[in-house]
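Written below as C-alpha cells is the structure these notes are about.
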Amino acid sequence: MTAKILAIALTTLLVGEAASATAEPGTGPLTPAALHSAYALPRKAAKPQTVAIVVAYDDPTIERDLGTFTRRFSLPSCTAARGCLRRVNQRGQPGPLPSPDPTGGKWTTEAALSTETLHGICQNCRLLLVEADSEAESDLAAAVDTAARLGAREISTTYLFAEGAFDGQYASHYDHPGVVITAASGDDGFSYGPNVPAAYPGVVAVGGTTLRIGPRGRWAGETVWRSSDGTAASGCSAFTPAPPWQLSFAGKAGCGDMRAVPDVAAAAGPGAPLYSSTALDPQGERGWFEADGTSVSSPIVAGTFALAGGIGARQSAPALLYARFRNVRGAFHDITQGSNGSCGGKSICQAKRGYDGVTGVGTPDGLAGFRSSR
C-alpha cells in the first residue's frame, strides 16, 4: 500500500530560481514571524532539539533551498556543515539516498514545506531529514523508527493511508515514549474512517485551521480550515479504541469509545511560504510558492513541542496535551467556528466551545499546553 500525499494547495509566486535571488516574492500571511507572533511562541528553544522530518524519496536541493528560505526571512543559517541539517536514508546512513521523487514533485513539496516550516518555528533546532526508499507503508514506518533511533525528540509526518483492518501492524512504529510524533489529519474533510498514522494511539493527530492575524501580528481568531482546495479532516476510528487519556473526549465528539482524530490543530492556511529549486509539478514550475493544508499544521505543532523542550522519557505526547488542556487554563486557543462536513450535529465535524473533534484541544497559545511537567 502506498501513501496518499495530502492535497496541498500550491500557488506559484515566482517561477525561476535565478529571479528569486533578486526579486521580492509574495510570501503569504503565514511567515515564520507571523506564526510566532500569533501563537505567542519564542523563536528558539531553551535547549536545542533534534527534530525529524520523514518523507519518501530524495529532495536533492533541500539544503540549498533551505538556505534561500532562511535568507528571505532572516533566519539563522541551517546547513550540514554547521551540524544543523542532516539527510539520511531509511537505514540512517548518509548514502545511498533514495531515487529522486517520481511523483512529479509531490514528495519534494512535503520535504521542502516541512523542513522550511520547522526551521521557521524552532530556529535553533537541528533538522534530520529521513528519506524512505519508497512511499510504501513499511518503508515510511522504518524511517520513523530510524528517526527515533538517531535521537530525534520530535518527528513530523505529513503523509497518510486510508485506515484499514490490517494497519495496526504498523502502530508500534509510531509509538516511541519520550518522542513526539505528529501526523497530519488530512485535507479531505469529515469521514467516519480517519487516516493513519494520525489514528494511531501514539501519535499527535494534527488538524488544520484558517488563521486570522490582526494588528501588530496578534491572534485575531481561527476557523476550521476550508478552501477550494481542501478541508481539514477529522473522523472516528473503526479499528483503534480511544486510549484512556482520550476516552471521555472521544465520547463527547461522537466517537463512542473509539479514537477520535485530531488531537490538536494549527494553521493550515491562508498560505505558508515555500521555496524549491526542484520542480514541484509536472509543468516544471519552481521557485516561491504558497502552500495550504494540514501539511503546514503538522510541522508547526512538532516545532512547538520542540520549543517547549520536548517530553519526558516515558511520556506520551498526546496524553500530555489532554492533561494540559484539563489542568492549565488558557493553554490553547479555543476554536469555535467552522465545520468540515455533516455528522448529525456531533462535534466530530463541528467546531464547538471547548474540546471538539475537528480541532481537538485547540491551537497553540504560547508553550503552556506543550510543556512537559517532568
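For the C-alpha cells, the naming scheme is as follows: chains receive sequential letters (A, B, ...) according to their order of presentation, residues are indexed from 1 within each chain, and ligands are indexed from 1 in presentation order.
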Sorted per-residue table, range 279-344 of chain A near range 205-210 of chain A, closest atoms and distance, 8 Å, only C-alpha atoms, as CSV:
```
residue,atom,partner,partner_atom,distance
A:Gly293,CA,A:Gly208,CA,6.8
A:Thr294,CA,A:Gly208,CA,5.2
A:Ser297,CA,A:Gly208,CA,5.9
A:Ser298,CA,A:Val206,CA,5.7
A:Val301,CA,A:Val206,CA,7.5
```
So that each row is one residue of range 82-119 of chain A with an atom at most 12 Å from range 282-290 of chain A, can you give its shortest atom pair and the distance in Å to one decimal, using only C-alpha atoms, rows by chain and rising number, as a tab-separated table?
```
residue	atom	partner	partner_atom	distance
A:Asp101	CA	A:Pro282	CA	11.5
A:Pro102	CA	A:Pro282	CA	10.3
A:Thr103	CA	A:Pro282	CA	8.7
A:Gly104	CA	A:Pro282	CA	5.1
A:Gly105	CA	A:Pro282	CA	7.3
A:Lys106	CA	A:Pro282	CA	9.7
A:Thr108	CA	A:Arg286	CA	11.1
A:Thr109	CA	A:Phe289	CA	9.9
A:Ala112	CA	A:Phe289	CA	10.8
A:Leu113	CA	A:Glu290	CA	9.7
A:Thr117	CA	A:Glu290	CA	11.9
```
Find the residues near range 40-55 of chain A: any atom within 9 Å, counting only C-alpha atoms, skip ones fewer than 4 places away on the same chain, and give them as an MDAnalysis selection string.
chainID A and resid 32:33 35:36 84 90 107:108 110:111 114:115 118 120:132 134:135 140 143:144 147:148 151:159 218:219 299 302:304 306:310 364:367
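Restricting the calculation to only C-alpha atoms, the smallest distance between Phe73 in chain A and any of A:Arg86, A:Leu274, A:Ser191, A:Ser227 is found for A:Leu274.
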Taking only range 115-239 of chain A into account, list the residues labelled strand (DSSP E or B) by DSSP (computed from the backbone), as a ChimeraX atom specification.
/A:126-132,136,154-157,159-162,180-184,188-190,195-196,204-213,219-224,226-227,230-239
What is the distance between CA of Met258 in chain A and CA of Ser185 in chain A, in Å to one decimal?
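Those two atoms sit 16.0 Å apart.
Closest approach to Asp292 in chain A among A:Ile348, A:Leu247, A:Leu30, A:Val204 is made by A:Leu30 (distances from only C-alpha atoms).
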Closest-contact table, range 233-315 of chain A side, partner range 164-172 of chain A, 9 Å, counting only C-alpha atoms, as a Markdown table:
```
| residue | atom | partner | partner_atom | distance |
| --- | --- | --- | --- | --- |
| A:Ala238 | CA | A:Gly164 | CA | 8.3 |
| A:Phe239 | CA | A:Ala165 | CA | 6.6 |
| A:Thr240 | CA | A:Gly168 | CA | 8.1 |
```
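Across the model, the gap from CA of Asp65 in chain A to CA of Pro96 in chain A is 20.9 Å.
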When you count only C-alpha atoms, which of these residues is closest to Arg212 in chain A: A:Phe190, A:Tyr39, A:Trp245, A:Tyr174?
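Selected residue with least distance to Arg212 in chain A: A:Tyr39.
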From A:Gly186, A:Pro60, A:Gly256, A:Pro273, residue lying nearest Ala232 in chain A [only C-alpha atoms]:
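Comparing A:Gly186, A:Pro60, A:Gly256, A:Pro273 against Ala232 in chain A, the winner is A:Gly186.
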